[in-house]
Amino acid sequence: MTTAAVPAPTARPTPDTPTATPTAPALPSAPGAPTASFRSVGTVAGAATVFGVHGAAGRTRWKCFAGRRQLDSPTEAVEWASVPPGGLSGEHRHTRTEEIYLVLRGRGEFLFNGAPHAVRPGSLALTSPGNVHGLRNTGDTDLDWWVIETLAPGTDAVLSGADLTLGVPAMGDAVIHDLFAEGAVVTDGVFSGPLRRVEVIDLDAGARTDLGTADAELAVFVHGGAGRATAADGTAADLAADTCVTLGAGTRTRFEAVAPLRLLVVTLALPRPTAEAS
């Protein structure tokens, strides 16, 4: 991924960021480059227990890592959720947002417009507006998944004050990928909002990679392993399984593996300037 010098707001970490501490800069900053990479850093520690999610009986563990206050892209939320064996995240219709479910652990069924689809770790479900979805745990361990919900362009336009009336889009076909087998998934043809790409990056112990792009924020989830993320301004965060970091557009962050590290990375594009979009 490439980087560029573009303005970015000051980082606003979420409250559970005890590992984000200043250290010596690991990457050089270009002249005029923003000095705050981390928009949020969090773990699943302290996840809330919620009953009756989307009308389903039973409990769901839930954690929000970042939302509109932390991000500049039209992103509703970056979240984690988990249901116990036999649990269900209730079926519900999407009319204003595009959403991914990326299964992290466990096995279950993705319910799409009433039809079940078997899912396992690495299963990536794309839900576009107009469709009904839910998730059921059919295994004997907790079913954990990463959730990112973004505003569809029409919804973003309405919230921005445009004179536009939204209808309910037509239902589409189920779109489920095996991310761990494919390595990367581009959402063109399914999504039209900011969520453009989902990929998996595996680093051996001692390996490193630099992440950042000029026109998009990145959401990075640690699926397993241990390491450290260090921004160009010297801010650093220790990485362990179930850590989520969101990175500002136009910044660079170095990810180093202490033990074999698996990163799940989502690209969240910023809106183009009006002159470019017209």
# chains A, B, ... in the order shown; residues from 1 in each chain; ligands from 1
$ closest_atom_pairs --of "segment 60-126 of chain A" --to "segment 172-194 of chain A" --cutoff "10 Å" --atoms "only C-alpha atoms" --output "JSON lines"
{"residue": "A:Ser73", "atom": "CA", "partner": "A:Pro194", "partner_atom": "CA", "distance": 6.8}
{"residue": "A:Pro74", "atom": "CA", "partner": "A:Pro194", "partner_atom": "CA", "distance": 6.5}
{"residue": "A:Thr75", "atom": "CA", "partner": "A:Pro194", "partner_atom": "CA", "distance": 7.4}
{"residue": "A:Thr97", "atom": "CA", "partner": "A:Gly193", "partner_atom": "CA", "distance": 8.6}
{"residue": "A:Glu98", "atom": "CA", "partner": "A:Phe191", "partner_atom": "CA", "distance": 6.7}
{"residue": "A:Glu99", "atom": "CA", "partner": "A:Phe191", "partner_atom": "CA", "distance": 8.8}
{"residue": "A:Ile100", "atom": "CA", "partner": "A:Ile176", "partner_atom": "CA", "distance": 9.6}
{"residue": "A:Tyr101", "atom": "CA", "partner": "A:Ile176", "partner_atom": "CA", "distance": 9.4}
{"residue": "A:Leu102", "atom": "CA", "partner": "A:Leu179", "partner_atom": "CA", "distance": 8.4}
{"residue": "A:Val103", "atom": "CA", "partner": "A:Leu179", "partner_atom": "CA", "distance": 9.6}
{"residue": "A:Phe110", "atom": "CA", "partner": "A:Ile176", "partner_atom": "CA", "distance": 9.0}
{"residue": "A:Leu111", "atom": "CA", "partner": "A:Ala174", "partner_atom": "CA", "distance": 9.2}
{"residue": "A:Phe112", "atom": "CA", "partner": "A:Ala174", "partner_atom": "CA", "distance": 6.3}
{"residue": "A:Asn113", "atom": "CA", "partner": "A:Ala174", "partner_atom": "CA", "distance": 8.2}
{"residue": "A:Ala115", "atom": "CA", "partner": "A:Ala174", "partner_atom": "CA", "distance": 9.1}
{"residue": "A:Pro116", "atom": "CA", "partner": "A:Ala174", "partner_atom": "CA", "distance": 10.0}
{"residue": "A:His117", "atom": "CA", "partner": "A:Ile176", "partner_atom": "CA", "distance": 8.6}
{"residue": "A:Ala118", "atom": "CA", "partner": "A:Ile176", "partner_atom": "CA", "distance": 9.8}
{"residue": "A:Val119", "atom": "CA", "partner": "A:Ile176", "partner_atom": "CA", "distance": 8.7}
{"residue": "A:Arg120", "atom": "CA", "partner": "A:Asp178", "partner_atom": "CA", "distance": 8.8}
{"residue": "A:Pro121", "atom": "CA", "partner": "A:Phe180", "partner_atom": "CA", "distance": 8.0}
{"residue": "A:Gly122", "atom": "CA", "partner": "A:Phe180", "partner_atom": "CA", "distance": 5.0}
{"residue": "A:Ser123", "atom": "CA", "partner": "A:Asp178", "partner_atom": "CA", "distance": 4.8}
{"residue": "A:Leu124", "atom": "CA", "partner": "A:His177", "partner_atom": "CA", "distance": 5.0}
{"residue": "A:Ala125", "atom": "CA", "partner": "A:Ile176", "partner_atom": "CA", "distance": 4.4}
{"residue": "A:Leu126", "atom": "CA", "partner": "A:Val175", "partner_atom": "CA", "distance": 5.5}
$ write_last_selection --atoms "N, CA and C atoms" --output "PDB file, in the first residue's frame"
ATOM      1  N   SER A  73     -14.018   8.071   7.410  1.00  0.00           N
ATOM      2  CA  SER A  73     -14.750   7.395   6.351  1.00  0.00           C
ATOM      3  C   SER A  73     -16.205   7.235   6.787  1.00  0.00           C
ATOM      4  N   PRO A  74     -17.139   7.021   5.834  1.00  0.00           N
ATOM      5  CA  PRO A  74     -18.554   6.834   6.199  1.00  0.00           C
ATOM      6  C   PRO A  74     -18.779   5.449   6.824  1.00  0.00           C
ATOM      7  N   THR A  75     -18.151   5.239   7.965  1.00  0.00           N
ATOM      8  CA  THR A  75     -18.195   3.946   8.650  1.00  0.00           C
ATOM      9  C   THR A  75     -19.034   4.063   9.914  1.00  0.00           C
ATOM     10  N   THR A  97     -27.249   0.297   5.297  1.00  0.00           N
ATOM     11  CA  THR A  97     -25.815   0.046   5.457  1.00  0.00           C
ATOM     12  C   THR A  97     -25.374  -1.204   4.705  1.00  0.00           C
ATOM     13  N   GLU A  98     -24.060  -1.249   4.464  1.00  0.00           N
ATOM     14  CA  GLU A  98     -23.382  -2.439   3.947  1.00  0.00           C
ATOM     15  C   GLU A  98     -22.555  -3.007   5.097  1.00  0.00           C
ATOM     16  N   GLU A  99     -22.495  -4.336   5.210  1.00  0.00           N
ATOM     17  CA  GLU A  99     -21.872  -4.925   6.398  1.00  0.00           C
ATOM     18  C   GLU A  99     -21.154  -6.215   6.056  1.00  0.00           C
ATOM     19  N   ILE A 100     -20.000  -6.421   6.700  1.00  0.00           N
ATOM     20  CA  ILE A 100     -19.320  -7.707   6.603  1.00  0.00           C
ATOM     21  C   ILE A 100     -19.375  -8.418   7.946  1.00  0.00           C
ATOM     22  N   TYR A 101     -19.491  -9.738   7.886  1.00  0.00           N
ATOM     23  CA  TYR A 101     -19.230 -10.631   9.008  1.00  0.00           C
ATOM     24  C   TYR A 101     -18.018 -11.461   8.597  1.00  0.00           C
ATOM     25  N   LEU A 102     -16.952 -11.418   9.389  1.00  0.00           N
ATOM     26  CA  LEU A 102     -15.780 -12.255   9.148  1.00  0.00           C
ATOM     27  C   LEU A 102     -15.621 -13.187  10.344  1.00  0.00           C
ATOM     28  N   VAL A 103     -15.846 -14.475  10.120  1.00  0.00           N
ATOM     29  CA  VAL A 103     -15.805 -15.450  11.207  1.00  0.00           C
ATOM     30  C   VAL A 103     -14.358 -15.659  11.646  1.00  0.00           C
ATOM     31  N   PHE A 110     -24.535 -18.875   8.464  1.00  0.00           N
ATOM     32  CA  PHE A 110     -24.902 -17.519   8.082  1.00  0.00           C
ATOM     33  C   PHE A 110     -26.276 -17.608   7.443  1.00  0.00           C
ATOM     34  N   LEU A 111     -27.235 -16.893   7.998  1.00  0.00           N
ATOM     35  CA  LEU A 111     -28.614 -16.925   7.510  1.00  0.00           C
ATOM     36  C   LEU A 111     -28.816 -15.742   6.581  1.00  0.00           C
ATOM     37  N   PHE A 112     -29.066 -16.015   5.302  1.00  0.00           N
ATOM     38  CA  PHE A 112     -29.175 -14.969   4.306  1.00  0.00           C
ATOM     39  C   PHE A 112     -30.505 -15.107   3.581  1.00  0.00           C
ATOM     40  N   ASN A 113     -31.393 -14.146   3.818  1.00  0.00           N
ATOM     41  CA  ASN A 113     -32.738 -14.176   3.223  1.00  0.00           C
ATOM     42  C   ASN A 113     -33.426 -15.509   3.477  1.00  0.00           C
ATOM     43  N   ALA A 115     -32.123 -18.475   4.079  1.00  0.00           N
ATOM     44  CA  ALA A 115     -31.395 -19.698   3.721  1.00  0.00           C
ATOM     45  C   ALA A 115     -30.102 -19.803   4.535  1.00  0.00           C
ATOM     46  N   PRO A 116     -29.792 -20.991   5.106  1.00  0.00           N
ATOM     47  CA  PRO A 116     -28.561 -21.157   5.887  1.00  0.00           C
ATOM     48  C   PRO A 116     -27.365 -21.485   4.987  1.00  0.00           C
ATOM     49  N   HIS A 117     -26.202 -20.947   5.370  1.00  0.00           N
ATOM     50  CA  HIS A 117     -24.944 -21.215   4.671  1.00  0.00           C
ATOM     51  C   HIS A 117     -23.893 -21.526   5.734  1.00  0.00           C
ATOM     52  N   ALA A 118     -23.266 -22.690   5.658  1.00  0.00           N
ATOM     53  CA  ALA A 118     -22.274 -23.086   6.655  1.00  0.00           C
ATOM     54  C   ALA A 118     -21.078 -22.142   6.611  1.00  0.00           C
ATOM     55  N   VAL A 119     -20.602 -21.736   7.794  1.00  0.00           N
ATOM     56  CA  VAL A 119     -19.431 -20.870   7.890  1.00  0.00           C
ATOM     57  C   VAL A 119     -18.470 -21.415   8.926  1.00  0.00           C
ATOM     58  N   ARG A 120     -17.210 -21.046   8.773  1.00  0.00           N
ATOM     59  CA  ARG A 120     -16.120 -21.487   9.652  1.00  0.00           C
ATOM     60  C   ARG A 120     -15.088 -20.366   9.697  1.00  0.00           C
ATOM     61  N   PRO A 121     -13.987 -20.514  10.450  1.00  0.00           N
ATOM     62  CA  PRO A 121     -12.987 -19.450  10.488  1.00  0.00           C
ATOM     63  C   PRO A 121     -12.512 -19.082   9.080  1.00  0.00           C
ATOM     64  N   GLY A 122     -12.532 -17.783   8.777  1.00  0.00           N
ATOM     65  CA  GLY A 122     -12.159 -17.294   7.463  1.00  0.00           C
ATOM     66  C   GLY A 122     -13.337 -17.005   6.567  1.00  0.00           C
ATOM     67  N   SER A 123     -14.536 -17.482   6.939  1.00  0.00           N
ATOM     68  CA  SER A 123     -15.714 -17.191   6.124  1.00  0.00           C
ATOM     69  C   SER A 123     -16.034 -15.705   6.211  1.00  0.00           C
ATOM     70  N   LEU A 124     -16.161 -15.079   5.047  1.00  0.00           N
ATOM     71  CA  LEU A 124     -16.414 -13.641   4.952  1.00  0.00           C
ATOM     72  C   LEU A 124     -17.735 -13.438   4.220  1.00  0.00           C
ATOM     73  N   ALA A 125     -18.741 -12.946   4.934  1.00  0.00           N
ATOM     74  CA  ALA A 125     -20.062 -12.721   4.350  1.00  0.00           C
ATOM     75  C   ALA A 125     -20.252 -11.239   4.084  1.00  0.00           C
ATOM     76  N   LEU A 126     -20.670 -10.910   2.861  1.00  0.00           N
ATOM     77  CA  LEU A 126     -20.947  -9.532   2.466  1.00  0.00           C
ATOM     78  C   LEU A 126     -22.454  -9.348   2.381  1.00  0.00           C
TER      79      LEU A 126
END
$ residues_around --residues "segment 253-261 of chain A" --least-positions-apart "4" --cutoff "7 Å" --atoms "only C-alpha atoms" --output "ChimeraX atom specification"
/A:37,202-212,224-232
$ write_last_selection --atoms "N, CA, C and O atoms" --output "PDB file, in the first residue's frame"
ATOM      1  N   SER A  37      -1.155   8.216  13.732  1.00  0.00           N
ATOM      2  CA  SER A  37      -1.670   7.112  12.926  1.00  0.00           C
ATOM      3  C   SER A  37      -2.871   6.450  13.567  1.00  0.00           C
ATOM      4  O   SER A  37      -3.852   6.140  12.902  1.00  0.00           O
ATOM      5  N   ASP A 202      -0.058 -12.636   6.711  1.00  0.00           N
ATOM      6  CA  ASP A 202       0.630 -13.513   7.648  1.00  0.00           C
ATOM      7  C   ASP A 202       2.102 -13.125   7.718  1.00  0.00           C
ATOM      8  O   ASP A 202       2.771 -13.009   6.679  1.00  0.00           O
ATOM      9  N   LEU A 203       2.598 -12.912   8.928  1.00  0.00           N
ATOM     10  CA  LEU A 203       4.001 -12.551   9.150  1.00  0.00           C
ATOM     11  C   LEU A 203       4.673 -13.610  10.012  1.00  0.00           C
ATOM     12  O   LEU A 203       4.153 -13.971  11.079  1.00  0.00           O
ATOM     13  N   ASP A 204       5.820 -14.105   9.566  1.00  0.00           N
ATOM     14  CA  ASP A 204       6.603 -14.998  10.401  1.00  0.00           C
ATOM     15  C   ASP A 204       7.259 -14.209  11.529  1.00  0.00           C
ATOM     16  O   ASP A 204       7.396 -12.981  11.441  1.00  0.00           O
ATOM     17  N   ALA A 205       7.671 -14.905  12.569  1.00  0.00           N
ATOM     18  CA  ALA A 205       8.350 -14.233  13.675  1.00  0.00           C
ATOM     19  C   ALA A 205       9.559 -13.468  13.156  1.00  0.00           C
ATOM     20  O   ALA A 205      10.362 -13.993  12.387  1.00  0.00           O
ATOM     21  N   GLY A 206       9.667 -12.198  13.532  1.00  0.00           N
ATOM     22  CA  GLY A 206      10.756 -11.346  13.100  1.00  0.00           C
ATOM     23  C   GLY A 206      10.464 -10.564  11.834  1.00  0.00           C
ATOM     24  O   GLY A 206      11.209  -9.645  11.495  1.00  0.00           O
ATOM     25  N   ALA A 207       9.386 -10.923  11.118  1.00  0.00           N
ATOM     26  CA  ALA A 207       9.041 -10.211   9.891  1.00  0.00           C
ATOM     27  C   ALA A 207       8.265  -8.944  10.211  1.00  0.00           C
ATOM     28  O   ALA A 207       7.719  -8.778  11.308  1.00  0.00           O
ATOM     29  N   ARG A 208       8.209  -8.044   9.237  1.00  0.00           N
ATOM     30  CA  ARG A 208       7.502  -6.785   9.429  1.00  0.00           C
ATOM     31  C   ARG A 208       6.860  -6.347   8.123  1.00  0.00           C
ATOM     32  O   ARG A 208       7.259  -6.774   7.046  1.00  0.00           O
ATOM     33  N   THR A 209       5.856  -5.488   8.238  1.00  0.00           N
ATOM     34  CA  THR A 209       5.239  -4.886   7.068  1.00  0.00           C
ATOM     35  C   THR A 209       4.763  -3.495   7.439  1.00  0.00           C
ATOM     36  O   THR A 209       4.412  -3.244   8.600  1.00  0.00           O
ATOM     37  N   ASP A 210       4.785  -2.580   6.478  1.00  0.00           N
ATOM     38  CA  ASP A 210       4.304  -1.215   6.690  1.00  0.00           C
ATOM     39  C   ASP A 210       2.938  -1.072   6.027  1.00  0.00           C
ATOM     40  O   ASP A 210       2.772  -1.410   4.856  1.00  0.00           O
ATOM     41  N   LEU A 211       1.958  -0.569   6.774  1.00  0.00           N
ATOM     42  CA  LEU A 211       0.605  -0.404   6.269  1.00  0.00           C
ATOM     43  C   LEU A 211       0.209   1.066   6.306  1.00  0.00           C
ATOM     44  O   LEU A 211       0.509   1.772   7.267  1.00  0.00           O
ATOM     45  N   GLY A 212      -0.502   1.497   5.287  1.00  0.00           N
ATOM     46  CA  GLY A 212      -1.001   2.862   5.226  1.00  0.00           C
ATOM     47  C   GLY A 212      -1.332   3.210   3.795  1.00  0.00           C
ATOM     48  O   GLY A 212      -0.714   2.689   2.858  1.00  0.00           O
ATOM     49  N   GLY A 224      -4.298 -13.773  15.381  1.00  0.00           N
ATOM     50  CA  GLY A 224      -3.471 -14.619  16.231  1.00  0.00           C
ATOM     51  C   GLY A 224      -2.031 -14.157  16.220  1.00  0.00           C
ATOM     52  O   GLY A 224      -1.597 -13.417  15.341  1.00  0.00           O
ATOM     53  N   GLY A 225      -1.268 -14.584  17.241  1.00  0.00           N
ATOM     54  CA  GLY A 225       0.141 -14.235  17.324  1.00  0.00           C
ATOM     55  C   GLY A 225       0.403 -13.062  18.239  1.00  0.00           C
ATOM     56  O   GLY A 225      -0.464 -12.645  19.025  1.00  0.00           O
ATOM     57  N   ALA A 226       1.601 -12.511  18.125  1.00  0.00           N
ATOM     58  CA  ALA A 226       1.999 -11.387  18.971  1.00  0.00           C
ATOM     59  C   ALA A 226       2.960 -10.508  18.201  1.00  0.00           C
ATOM     60  O   ALA A 226       3.705 -10.976  17.333  1.00  0.00           O
ATOM     61  N   GLY A 227       2.934  -9.224  18.526  1.00  0.00           N
ATOM     62  CA  GLY A 227       3.830  -8.302  17.840  1.00  0.00           C
ATOM     63  C   GLY A 227       3.683  -6.893  18.365  1.00  0.00           C
ATOM     64  O   GLY A 227       3.222  -6.664  19.488  1.00  0.00           O
ATOM     65  N   ARG A 228       4.032  -5.947  17.522  1.00  0.00           N
ATOM     66  CA  ARG A 228       4.001  -4.541  17.915  1.00  0.00           C
ATOM     67  C   ARG A 228       3.720  -3.692  16.687  1.00  0.00           C
ATOM     68  O   ARG A 228       4.216  -3.961  15.588  1.00  0.00           O
ATOM     69  N   ALA A 229       2.895  -2.678  16.868  1.00  0.00           N
ATOM     70  CA  ALA A 229       2.610  -1.708  15.814  1.00  0.00           C
ATOM     71  C   ALA A 229       3.230  -0.378  16.218  1.00  0.00           C
ATOM     72  O   ALA A 229       2.989   0.104  17.334  1.00  0.00           O
ATOM     73  N   THR A 230       4.008   0.220  15.327  1.00  0.00           N
ATOM     74  CA  THR A 230       4.693   1.473  15.623  1.00  0.00           C
ATOM     75  C   THR A 230       4.417   2.472  14.511  1.00  0.00           C
ATOM     76  O   THR A 230       4.696   2.196  13.338  1.00  0.00           O
ATOM     77  N   ALA A 231       3.877   3.614  14.879  1.00  0.00           N
ATOM     78  CA  ALA A 231       3.544   4.653  13.913  1.00  0.00           C
ATOM     79  C   ALA A 231       4.755   5.525  13.629  1.00  0.00           C
ATOM     80  O   ALA A 231       5.755   5.504  14.351  1.00  0.00           O
ATOM     81  N   ALA A 232       4.659   6.327  12.570  1.00  0.00           N
ATOM     82  CA  ALA A 232       5.758   7.208  12.192  1.00  0.00           C
ATOM     83  C   ALA A 232       6.050   8.251  13.255  1.00  0.00           C
ATOM     84  O   ALA A 232       7.162   8.755  13.347  1.00  0.00           O
TER      85      ALA A 232
END
$ atom_distance --atom1 "atom CA of Ile201 of chain A" --atom2 "atom CA of Thr150 of chain A"
22.5 Å
$ atom_distance --atom1 "atom CA of Gly52 of chain A" --atom2 "atom CA of Glu149 of chain A"
19.6 Å
$ closest_residue --among "A:Arg39, A:Ala241, A:Thr127, A:Pro271" --to "Arg68 of chain A" --atoms "only C-alpha atoms"
A:Arg39
$ residues_around --residues "Val44 of chain A" --least-positions-apart "5" --cutoff "9 Å" --atoms "only C-alpha atoms" --output "PDB file with all heavy atoms, in the first residue's frame"
ATOM      1  N   TRP A  62     -20.267  -8.428  23.029  1.00  0.00           N
ATOM      2  CA  TRP A  62     -20.120  -7.408  21.986  1.00  0.00           C
ATOM      3  C   TRP A  62     -19.140  -6.339  22.427  1.00  0.00           C
ATOM      4  O   TRP A  62     -19.092  -5.955  23.595  1.00  0.00           O
ATOM      5  CB  TRP A  62     -21.492  -6.788  21.704  1.00  0.00           C
ATOM      6  CG  TRP A  62     -21.472  -5.599  20.804  1.00  0.00           C
ATOM      7  CD1 TRP A  62     -21.471  -5.586  19.438  1.00  0.00           C
ATOM      8  CD2 TRP A  62     -21.470  -4.221  21.213  1.00  0.00           C
ATOM      9  NE1 TRP A  62     -21.461  -4.297  18.967  1.00  0.00           N
ATOM     10  CE2 TRP A  62     -21.467  -3.434  20.030  1.00  0.00           C
ATOM     11  CE3 TRP A  62     -21.472  -3.584  22.455  1.00  0.00           C
ATOM     12  CZ2 TRP A  62     -21.467  -2.042  20.058  1.00  0.00           C
ATOM     13  CZ3 TRP A  62     -21.461  -2.195  22.487  1.00  0.00           C
ATOM     14  CH2 TRP A  62     -21.462  -1.452  21.298  1.00  0.00           C
ATOM     15  N   LYS A  63     -18.334  -5.885  21.458  1.00  0.00           N
ATOM     16  CA  LYS A  63     -17.381  -4.807  21.736  1.00  0.00           C
ATOM     17  C   LYS A  63     -17.285  -3.918  20.505  1.00  0.00           C
ATOM     18  O   LYS A  63     -17.121  -4.405  19.381  1.00  0.00           O
ATOM     19  CB  LYS A  63     -16.002  -5.386  22.062  1.00  0.00           C
ATOM     20  CG  LYS A  63     -14.931  -4.354  22.422  1.00  0.00           C
ATOM     21  CD  LYS A  63     -15.228  -3.679  23.747  1.00  0.00           C
ATOM     22  CE  LYS A  63     -14.113  -2.764  24.217  1.00  0.00           C
ATOM     23  NZ  LYS A  63     -12.950  -3.492  24.733  1.00  0.00           N
ATOM     24  N   CYS A  64     -17.392  -2.600  20.695  1.00  0.00           N
ATOM     25  CA  CYS A  64     -17.207  -1.633  19.620  1.00  0.00           C
ATOM     26  C   CYS A  64     -15.806  -1.031  19.749  1.00  0.00           C
ATOM     27  O   CYS A  64     -15.454  -0.484  20.791  1.00  0.00           O
ATOM     28  CB  CYS A  64     -18.261  -0.534  19.685  1.00  0.00           C
ATOM     29  SG  CYS A  64     -18.127   0.672  18.346  1.00  0.00           S
ATOM     30  N   PHE A  65     -15.013  -1.149  18.682  1.00  0.00           N
ATOM     31  CA  PHE A  65     -13.653  -0.607  18.681  1.00  0.00           C
ATOM     32  C   PHE A  65     -13.613   0.832  18.183  1.00  0.00           C
ATOM     33  O   PHE A  65     -12.802   1.634  18.649  1.00  0.00           O
ATOM     34  CB  PHE A  65     -12.751  -1.460  17.790  1.00  0.00           C
ATOM     35  CG  PHE A  65     -12.620  -2.891  18.222  1.00  0.00           C
ATOM     36  CD1 PHE A  65     -13.099  -3.916  17.422  1.00  0.00           C
ATOM     37  CD2 PHE A  65     -12.023  -3.219  19.426  1.00  0.00           C
ATOM     38  CE1 PHE A  65     -12.967  -5.237  17.801  1.00  0.00           C
ATOM     39  CE2 PHE A  65     -11.896  -4.538  19.829  1.00  0.00           C
ATOM     40  CZ  PHE A  65     -12.375  -5.555  19.006  1.00  0.00           C
ATOM     41  N   TRP A  80     -16.741  -6.311  17.359  1.00  0.00           N
ATOM     42  CA  TRP A  80     -16.519  -7.738  17.564  1.00  0.00           C
ATOM     43  C   TRP A  80     -17.740  -8.301  18.266  1.00  0.00           C
ATOM     44  O   TRP A  80     -18.348  -7.623  19.113  1.00  0.00           O
ATOM     45  CB  TRP A  80     -15.275  -7.940  18.415  1.00  0.00           C
ATOM     46  CG  TRP A  80     -15.009  -9.343  18.892  1.00  0.00           C
ATOM     47  CD1 TRP A  80     -14.257 -10.303  18.263  1.00  0.00           C
ATOM     48  CD2 TRP A  80     -15.459  -9.945  20.122  1.00  0.00           C
ATOM     49  NE1 TRP A  80     -14.221 -11.456  19.017  1.00  0.00           N
ATOM     50  CE2 TRP A  80     -14.953 -11.253  20.159  1.00  0.00           C
ATOM     51  CE3 TRP A  80     -16.248  -9.491  21.176  1.00  0.00           C
ATOM     52  CZ2 TRP A  80     -15.199 -12.125  21.217  1.00  0.00           C
ATOM     53  CZ3 TRP A  80     -16.501 -10.342  22.232  1.00  0.00           C
ATOM     54  CH2 TRP A  80     -15.981 -11.647  22.256  1.00  0.00           C
ATOM     55  N   ALA A  81     -18.121  -9.524  17.920  1.00  0.00           N
ATOM     56  CA  ALA A  81     -19.275 -10.152  18.570  1.00  0.00           C
ATOM     57  C   ALA A  81     -19.014 -11.637  18.750  1.00  0.00           C
ATOM     58  O   ALA A  81     -18.193 -12.238  18.037  1.00  0.00           O
ATOM     59  CB  ALA A  81     -20.549  -9.923  17.763  1.00  0.00           C
ATOM     60  N   ASP A 242      -6.990 -10.793  19.108  1.00  0.00           N
ATOM     61  CA  ASP A 242      -8.205 -10.035  19.388  1.00  0.00           C
ATOM     62  C   ASP A 242      -7.932  -8.576  19.748  1.00  0.00           C
ATOM     63  O   ASP A 242      -8.696  -7.949  20.489  1.00  0.00           O
ATOM     64  CB  ASP A 242      -9.049 -10.711  20.479  1.00  0.00           C
ATOM     65  CG  ASP A 242      -9.540 -12.085  20.067  1.00  0.00           C
ATOM     66  OD1 ASP A 242      -9.749 -12.295  18.857  1.00  0.00           O
ATOM     67  OD2 ASP A 242      -9.718 -12.944  20.947  1.00  0.00           O
ATOM     68  N   THR A 243      -6.826  -8.043  19.221  1.00  0.00           N
ATOM     69  CA  THR A 243      -6.566  -6.608  19.270  1.00  0.00           C
ATOM     70  C   THR A 243      -7.010  -6.000  17.945  1.00  0.00           C
ATOM     71  O   THR A 243      -6.785  -6.580  16.887  1.00  0.00           O
ATOM     72  CB  THR A 243      -5.071  -6.316  19.481  1.00  0.00           C
ATOM     73  OG1 THR A 243      -4.625  -6.915  20.695  1.00  0.00           O
ATOM     74  CG2 THR A 243      -4.800  -4.819  19.526  1.00  0.00           C
ATOM     75  N   CYS A 244      -7.649  -4.838  18.008  1.00  0.00           N
ATOM     76  CA  CYS A 244      -8.080  -4.152  16.794  1.00  0.00           C
ATOM     77  C   CYS A 244      -7.507  -2.739  16.794  1.00  0.00           C
ATOM     78  O   CYS A 244      -7.608  -2.021  17.794  1.00  0.00           O
ATOM     79  CB  CYS A 244      -9.598  -4.103  16.708  1.00  0.00           C
ATOM     80  SG  CYS A 244     -10.228  -3.383  15.170  1.00  0.00           S
TER      81      CYS A 244
END
$ atom_distance --atom1 "atom CA of Gly46 of chain A" --atom2 "atom CA of Leu71 of chain A"
21.9 Å
$ decode --residues "segment 38-58 of chain A" --atoms "C-alpha atoms" --output "JSON list (two decimals), in the first residue's frame"
[["chain", "number", "residue", "atom", "x", "y", "z"],
["A", 38, "PHE", "CA", -3.84, 5.42, 15.52],
["A", 39, "ARG", "CA", -7.49, 6.41, 15.42],
["A", 40, "SER", "CA", -8.37, 3.71, 17.95],
["A", 41, "VAL", "CA", -6.76, 0.74, 19.67],
["A", 42, "GLY", "CA", -8.73, -1.84, 21.62],
["A", 43, "THR", "CA", -9.12, -5.46, 22.66],
["A", 44, "VAL", "CA", -12.15, -7.63, 23.41],
["A", 45, "ALA", "CA", -11.41, -7.37, 27.13],
["A", 46, "GLY", "CA", -14.40, -5.93, 28.94],
["A", 47, "ALA", "CA", -16.83, -6.84, 26.16],
["A", 48, "ALA", "CA", -20.44, -6.15, 27.07],
["A", 49, "THR", "CA", -23.04, -8.89, 27.43],
["A", 50, "VAL", "CA", -26.18, -8.07, 25.46],
["A", 51, "PHE", "CA", -29.43, -10.02, 25.56],
["A", 52, "GLY", "CA", -31.92, -10.27, 22.72],
["A", 53, "VAL", "CA", -29.72, -8.97, 19.88],
["A", 54, "HIS", "CA", -31.92, -8.32, 16.82],
["A", 55, "GLY", "CA", -34.81, -9.98, 18.60],
["A", 56, "ALA", "CA", -33.09, -13.31, 19.24],
["A", 57, "ALA", "CA", -33.27, -15.05, 22.62],
["A", 58, "GLY", "CA", -30.04, -15.55, 24.54]]
